[in-house]
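What follows is one structure encoded as structure tokens, with my remarks underneath.
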Amino acid sequence: MSPTVLEVQGLSKTYAGLTALAEVNLSIRQGEIFALLGPNGAGKTTLIGAVCGLVKKTHGRILLFGKDLDDDPVSPRYDVGLVPQELNFDPFFTVAESLHIQLGYYGRPRDEARVDEVLTALNLQNKKDALTRALSGGMKRRLLIAKALVHRPKLVFLDEPTAGVDVELRRDLWTYVRKLAAEGTTIVLTTHYLEEAEELADRVGVINEGRLLLVEDKASVMRRFGERRLVVTFEQPLAELPEAARRFNATLSEERRTLTYLEREGTPPSGELLRALYSLGLPISDVETRHSRLEDVLIEVLRGRPQREARAPAP
Amino acid sequence: MNTLGMKTLFEKEVRRFMRVPGQTILSPLISTTLYFIIFGYSISSRVSEVEGVPYLPFIVPGLVFLGIANNSFLNSSSSLFITKIQGTVVDLLVAPMGPGELMAGFIGGAMVRGLAVGGLTWGVAALFTGFSLQHAGVAAYFFFISSYVFSVLGMMAALWAEKFEQINFFPTFVMMPLTFLGGVFYSVRELPAPWDQISLFNPMVYMVEGLRYGMLGRSIFPPALGGGILLLLALVATGVTYMALRSGYKMKA
């Protein structure tokens with residue numbers, strides 16, 4: 001198993017009596033892409049802020065690259081990069097200057113080749129000498145991402161990295177994030193685009209009202225919470241639901257022409273039902289299947305399903 | 001220690017104010033020079049000497065001090081405050097830099113601006129009055145420690161302030177009145193009672209007099225008094241600012 005780069009133990013944060021984080025435990029492994037999901041105000045940014053030194057924790061421990069931030073809050077941060085949620089830029093400097101300054105902050109010497117590499121990867125090369133205030137919103141977002149990556153961090157936090165950017169950048173960024181992860185960079189991602197988490201994440205965590213409700217491999221969570229909806233349409237209405245279909249708990253629509261079956265973890269596969277229907281010689285005109293998306297899973301988890309099937313957040 | 005990070009922040013601070021020299025260097029230089037020309041020439045026709053020094057040379061140390069103190073303060077306060085407002089403070093908080101590195105970067109940059117404006121003010125004044133430097137060591141001490149103290153005070157103000165109105169409070173309502181009432185244009189010893197006694201509680205008086213001793217060789221107080229006050233202020237302000245940064249006062253949620 002890959003080594004742990006971030007370990008959060010019993011982390012809590014309260015703001016004037018309001019609980020932003022409640023006893024959060026979380027481990028992040030080297031090289032994984034971890035998506036932290038939850039509604040607005042759930043505690044995602046607070047959790048990232050506590051690790052990155054932007055938020056003072058109320059209690060708990062944070063171990064970054066094995067070092068307790070209470071003992072050494074500075075040196076582990078040489079290997080951390082953050083794309084903050086809010087756009088920010090220093091209007092006095094150009095895009096390239098901003099990246100060189102960022103390199104310097106992280107104790108790295110001037111590196112033209114690295115700056116060019118990051119600018120090219122984020123399609124900012126033609127804006128290299130432009131003042132940051134002259135950039136469009138999407139370009140500013142690209143610059144934030146470039147700043148977070150230019151010093152080759154081992155752990156990168158992407159807090160809503162593609163908010164307000166076009167589809168092209170989103171796809172470019174996904175490709176770049178996968179490349180970084182393949183090279184061993186650990187990525188922690190928060191996003192409102194669940195398609196993004198579904199596309200990229202190895203593991204997902206769901207947080208709500210400061211509590212981490214679930215941490216699990218994406219494939220496992222999709223299998224556990226996800227479902228496949230099989231809809232079979234017949235050429236003519238059926239007299240009644242066939243006995244074979246009744247065994248699967250399938251349902252027939254009111255007009256008796258459409259049969260619906262929900263395949264979940266522990267239920268027979270949809271293929272078995274289809275085979276049974278074909279063997280009865282029923283006149284099938286259309287078959288449609290639809291898999292759950294991460295969005296459906298998130299809604300289920302937020303509605304409380306994990307409390308019934310609670311699993312300890314696993315490293 | 002992240003020396004490269006500290007050096008980067010220092011260079012960035014200097015480059016930042018050098019990007020707008022009309023606002024950061026020329027404008028304060030013109031203001032101070034106008035004080036010198038208007039106050040100096042209008043009053044020097046009536047007051048020939050103060051404390052045994054011709055009036056025009058007498059006001060030069062106070063104006064130089066004004067240039068150093070104001071610009072050191074304004075640079076660190078505005079830069080750090082704008083960093084907070086723009087959100088770029090995130091870059092500094094996430095980066096591996098502790099309070100020491102942050103202070104060195106901001107204070108270093110602010111000192112360069114304060115010393116540049118103070119030095120240029122002195123240069124312009126020397127065109128009118130001639131160059132006078134009686135105790136180079138004392139003058140250098142007051143130059144550097146004044147710029148240091150007001151740079152740190154600027155950082156403190158920026159850490160505390162949450163609104164633009166607050167950041168302007170200290171220079172407008174504290175520094176400017178205390179400096180103008182601090183013997184820049186007159187000798188506090190010549191003030192009528194009780195103002196001569198009240199003025200003794202104004203720390204700026206001793207700072208201006210200390211610099212006056214270094215530049216003109218004349219002072220109504222021992223320069224060590226002003227030097228000691230500045231040193232004490234430097235130590236207290238450094239300690240307070242360091243602790244505020246370490247605790248994340250008004251910087252971290």
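Identifiers in the structure tokens: chain A, B, ... in order shown; residue index from 1 per chain; ligand index from 1 in order shown.
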Worksheet entry | Contact residues (chain A, partner chain B, 7 Å, only C-alpha atoms) as a list in words |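 So the contacting residues turn out to be Cys52, Gly53, Leu54, Val55, Lys56, Val74, Ser75, Arg77, Tyr78, Asn88, Phe89, Asp90, Phe92, Ile101, Gly104, Tyr105, Tyr106 and Gly107 of chain A.
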Practice prompt. Please identify which residues in region 130-216 of chain A DSSP calls strand (DSSP E) from the backbone, and express them as a list of chain:residue names.
Written response: A:Leu155, A:Val156, A:Phe157, A:Leu158, A:Asp159, A:Thr186, A:Ile187, A:Val188, A:Leu189, A:Thr190, A:Arg203, A:Val204, A:Gly205, A:Val206, A:Ile207, A:Asn208, A:Arg211, A:Leu212, A:Leu213, A:Leu214, A:Val215, A:Glu216
Worksheet item: Which residue, A:Leu69, A:Ala16, A:Val177, A:Leu82, has the smallest gap to Ala148 (chain A) when you use only C-alpha atoms?
Response: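 So, comparing all the options, the nearest one is A:Leu82.
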Worksheet entry | All residues 7 Å or closer to region 227-234 of chain A, only C-alpha atoms, same chain fewer than 4 positions away omitted, as a PyMOL selection string | chain A and resi 257-264+270+283-292
Practice prompt. Have a look at B:Gly108, B:Gly114, B:Gly123, B:Gly62 and name the one nearest to Thr24 (chain B); count only C-alpha atoms.
Written response: B:Gly114
Item to complete: Write out as a PyMOL selection string all residues of region 74-271 of chain A that DSSP puts in helix (DSSP H, G or I) for this structure's backbone.
Response: chain A and resi 75-79+95-105+112-121+125-127+132-134+137-149+167-182+194-200+218-225+243-246+270-271
May I have the residues from that selection written out with C-alpha atoms, as a PDB file, in the first residue's frame?
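Below you can see out-v2.pdb, which holds the result:
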```pdb
ATOM      1  CA  SER A  75       8.571  22.681   6.633  1.00  0.00           C
ATOM      2  CA  PRO A  76       5.910  20.182   5.393  1.00  0.00           C
ATOM      3  CA  ARG A  77       4.409  23.004   3.342  1.00  0.00           C
ATOM      4  CA  TYR A  78       7.375  23.021   0.925  1.00  0.00           C
ATOM      5  CA  ASP A  79       5.617  20.114  -0.781  1.00  0.00           C
ATOM      6  CA  VAL A  95       1.841  35.921 -15.341  1.00  0.00           C
ATOM      7  CA  ALA A  96       5.463  34.714 -15.587  1.00  0.00           C
ATOM      8  CA  GLU A  97       6.591  36.976 -12.731  1.00  0.00           C
ATOM      9  CA  SER A  98       3.798  35.605 -10.526  1.00  0.00           C
ATOM     10  CA  LEU A  99       5.066  32.076 -11.145  1.00  0.00           C
ATOM     11  CA  HIS A 100       8.690  33.010 -10.442  1.00  0.00           C
ATOM     12  CA  ILE A 101       7.581  34.685  -7.198  1.00  0.00           C
ATOM     13  CA  GLN A 102       5.685  31.539  -6.263  1.00  0.00           C
ATOM     14  CA  LEU A 103       8.792  29.427  -6.922  1.00  0.00           C
ATOM     15  CA  GLY A 104      10.779  31.733  -4.644  1.00  0.00           C
ATOM     16  CA  TYR A 105       8.211  31.518  -1.837  1.00  0.00           C
ATOM     17  CA  GLU A 112      12.421  29.496 -16.762  1.00  0.00           C
ATOM     18  CA  ALA A 113      12.018  25.983 -18.151  1.00  0.00           C
ATOM     19  CA  ARG A 114       9.628  24.946 -15.376  1.00  0.00           C
ATOM     20  CA  VAL A 115       7.584  28.137 -15.723  1.00  0.00           C
ATOM     21  CA  ASP A 116       7.320  27.557 -19.498  1.00  0.00           C
ATOM     22  CA  GLU A 117       6.319  23.933 -18.932  1.00  0.00           C
ATOM     23  CA  VAL A 118       3.484  24.856 -16.566  1.00  0.00           C
ATOM     24  CA  LEU A 119       2.328  27.734 -18.758  1.00  0.00           C
ATOM     25  CA  THR A 120       2.214  25.421 -21.766  1.00  0.00           C
ATOM     26  CA  ALA A 121       0.361  22.714 -19.838  1.00  0.00           C
ATOM     27  CA  GLN A 125       2.022  30.534 -22.842  1.00  0.00           C
ATOM     28  CA  ASN A 126       0.701  33.405 -24.967  1.00  0.00           C
ATOM     29  CA  LYS A 127      -0.198  35.331 -21.793  1.00  0.00           C
ATOM     30  CA  THR A 132      -2.454  39.435 -14.281  1.00  0.00           C
ATOM     31  CA  ARG A 133      -5.159  42.101 -14.035  1.00  0.00           C
ATOM     32  CA  ALA A 134      -5.576  41.932 -17.819  1.00  0.00           C
ATOM     33  CA  GLY A 137     -11.767  35.047 -15.362  1.00  0.00           C
ATOM     34  CA  GLY A 138     -10.937  31.693 -16.938  1.00  0.00           C
ATOM     35  CA  MET A 139      -7.322  32.741 -17.511  1.00  0.00           C
ATOM     36  CA  LYS A 140      -7.033  33.864 -13.892  1.00  0.00           C
ATOM     37  CA  ARG A 141      -8.263  30.425 -12.833  1.00  0.00           C
ATOM     38  CA  ARG A 142      -5.585  28.824 -15.039  1.00  0.00           C
ATOM     39  CA  LEU A 143      -2.973  31.061 -13.407  1.00  0.00           C
ATOM     40  CA  LEU A 144      -4.108  29.957  -9.939  1.00  0.00           C
ATOM     41  CA  ILE A 145      -3.660  26.346 -10.984  1.00  0.00           C
ATOM     42  CA  ALA A 146      -0.234  27.130 -12.487  1.00  0.00           C
ATOM     43  CA  LYS A 147       0.831  28.849  -9.249  1.00  0.00           C
ATOM     44  CA  ALA A 148      -0.213  25.838  -7.199  1.00  0.00           C
ATOM     45  CA  LEU A 149       1.798  23.454  -9.376  1.00  0.00           C
ATOM     46  CA  VAL A 167     -15.229  22.874 -21.029  1.00  0.00           C
ATOM     47  CA  GLU A 168     -11.913  22.904 -22.878  1.00  0.00           C
ATOM     48  CA  LEU A 169      -9.923  23.919 -19.797  1.00  0.00           C
ATOM     49  CA  ARG A 170     -11.838  21.436 -17.692  1.00  0.00           C
ATOM     50  CA  ARG A 171     -10.814  18.621 -20.045  1.00  0.00           C
ATOM     51  CA  ASP A 172      -7.221  19.949 -20.239  1.00  0.00           C
ATOM     52  CA  LEU A 173      -7.041  20.067 -16.464  1.00  0.00           C
ATOM     53  CA  TRP A 174      -8.398  16.533 -16.075  1.00  0.00           C
ATOM     54  CA  THR A 175      -5.713  15.265 -18.429  1.00  0.00           C
ATOM     55  CA  TYR A 176      -3.044  17.172 -16.495  1.00  0.00           C
ATOM     56  CA  VAL A 177      -4.314  15.976 -13.113  1.00  0.00           C
ATOM     57  CA  ARG A 178      -4.218  12.351 -14.304  1.00  0.00           C
ATOM     58  CA  LYS A 179      -0.650  12.907 -15.542  1.00  0.00           C
ATOM     59  CA  LEU A 180       0.377  14.387 -12.179  1.00  0.00           C
ATOM     60  CA  ALA A 181      -1.173  11.485 -10.295  1.00  0.00           C
ATOM     61  CA  ALA A 182       0.563   8.999 -12.591  1.00  0.00           C
ATOM     62  CA  LEU A 194     -19.653  15.544  -9.829  1.00  0.00           C
ATOM     63  CA  GLU A 195     -18.804  14.471 -13.341  1.00  0.00           C
ATOM     64  CA  GLU A 196     -15.307  15.740 -12.521  1.00  0.00           C
ATOM     65  CA  ALA A 197     -15.022  13.609  -9.400  1.00  0.00           C
ATOM     66  CA  GLU A 198     -16.502  10.632 -11.221  1.00  0.00           C
ATOM     67  CA  GLU A 199     -13.983  11.067 -14.009  1.00  0.00           C
ATOM     68  CA  LEU A 200     -10.888  11.576 -11.858  1.00  0.00           C
ATOM     69  CA  LYS A 218     -15.091   5.286  -5.910  1.00  0.00           C
ATOM     70  CA  ALA A 219     -15.674   1.958  -7.634  1.00  0.00           C
ATOM     71  CA  SER A 220     -16.851   0.410  -4.380  1.00  0.00           C
ATOM     72  CA  VAL A 221     -19.156   3.274  -3.495  1.00  0.00           C
ATOM     73  CA  MET A 222     -20.642   3.265  -6.970  1.00  0.00           C
ATOM     74  CA  ARG A 223     -21.247  -0.467  -6.661  1.00  0.00           C
ATOM     75  CA  ARG A 224     -22.674  -0.173  -3.158  1.00  0.00           C
ATOM     76  CA  PHE A 225     -24.843   2.887  -3.558  1.00  0.00           C
ATOM     77  CA  GLU A 243     -44.148 -14.726 -13.042  1.00  0.00           C
ATOM     78  CA  ALA A 244     -40.456 -14.768 -14.052  1.00  0.00           C
ATOM     79  CA  ALA A 245     -40.300 -10.975 -13.745  1.00  0.00           C
ATOM     80  CA  ARG A 246     -42.167 -10.948 -10.452  1.00  0.00           C
ATOM     81  CA  SER A 270     -30.273  -7.363 -15.243  1.00  0.00           C
ATOM     82  CA  GLY A 271     -29.088  -9.858 -17.848  1.00  0.00           C
TER      83      GLY A 271
END
```
Fill in: Point-to-point distance in Å for CA of Gly119 (chain B) and CA of Asn202 (chain B)
24.3 Å
Worksheet item: Could you work out how far CA of His135 (chain B) lies from CA of Met215 (chain B), giving the answer in Å with one decimal?
Response: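 According to the coordinates, CA of Met215 (chain B) and CA of His135 (chain B) are separated by 6.4 Å.
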I want to know what sits within 9 Å of Asn75 (chain B), based on only C-alpha atoms, with residues of the same chain fewer than 2 positions away left out; could you give that as a tab-separated table (two decimals) with C-alpha atoms, in the first residue's frame?
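Output file selection.tsv is given in full below:
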```tsv
chain	number	residue	atom	x	y	z
B	13	GLU	CA	7.87	44.38	-2.20
B	17	PHE	CA	6.49	50.11	-5.17
B	24	THR	CA	5.35	55.86	-4.00
B	70	ASN	CA	5.39	58.06	6.62
B	71	ASN	CA	6.67	56.06	3.69
B	72	SER	CA	7.93	53.13	5.71
B	73	PHE	CA	4.57	52.93	7.42
B	77	SER	CA	0.60	48.79	5.84
B	78	SER	CA	-0.82	49.21	2.34
B	79	SER	CA	0.99	46.23	0.87
B	80	LEU	CA	-0.02	43.76	3.57
B	106	PHE	CA	7.57	43.22	4.29
B	107	ILE	CA	9.74	45.29	6.63
B	109	GLY	CA	10.72	46.40	1.38
B	110	ALA	CA	9.10	49.16	3.43
B	111	MET	CA	12.47	50.29	4.83
B	113	ARG	CA	11.00	52.95	0.36
B	114	GLY	CA	11.19	54.98	3.59
B	151	SER	CA	7.62	49.58	8.90
B	154	GLY	CA	2.64	49.55	9.41
B	155	MET	CA	2.48	45.77	9.50
```
Item to complete: Would you list the contacts of Glu190 (chain B) as a list in words, taking every protein, DNA or RNA residue within 10 Å and counting only C-alpha atoms, but skipping same-chain residues closer than 5 positions in sequence?
Response: Val50, Glu51, Gly183, Trp195 and Asp196 of chain B
Write the selection just made, keeping C-alpha atoms, as a PDB file, in the first residue's frame?
```
ATOM      1  CA  VAL B  50      15.918  78.350  16.159  1.00  0.00           C
ATOM      2  CA  GLU B  51      18.121  76.904  18.900  1.00  0.00           C
ATOM      3  CA  GLY B 183       9.144  69.909  16.700  1.00  0.00           C
ATOM      4  CA  TRP B 195       2.303  72.981  25.532  1.00  0.00           C
ATOM      5  CA  ASP B 196       6.026  72.797  26.164  1.00  0.00           C
TER       6      ASP B 196
END
```
Discussion item. Could you list, as a count of residues only, every residue within 12 Å of Leu181 (chain B), counting only C-alpha atoms and ignoring same-chain residues fewer than 2 positions away?
Written reply: 27
Worksheet, complete the sentence: Pairwise distance, CA of Gln85 (chain A) with CA of Ala157 (chain B), equals 27.1 Å
Worksheet item: Near region 28-33 of chain A, counting only C-alpha atoms, which residues have an atom at most 8 Å away, once you skip same-chain residues fewer than 5 positions from it, shown as a PyMOL selection string?
Response: chain A and resi 2-7+181-189+200-203+315
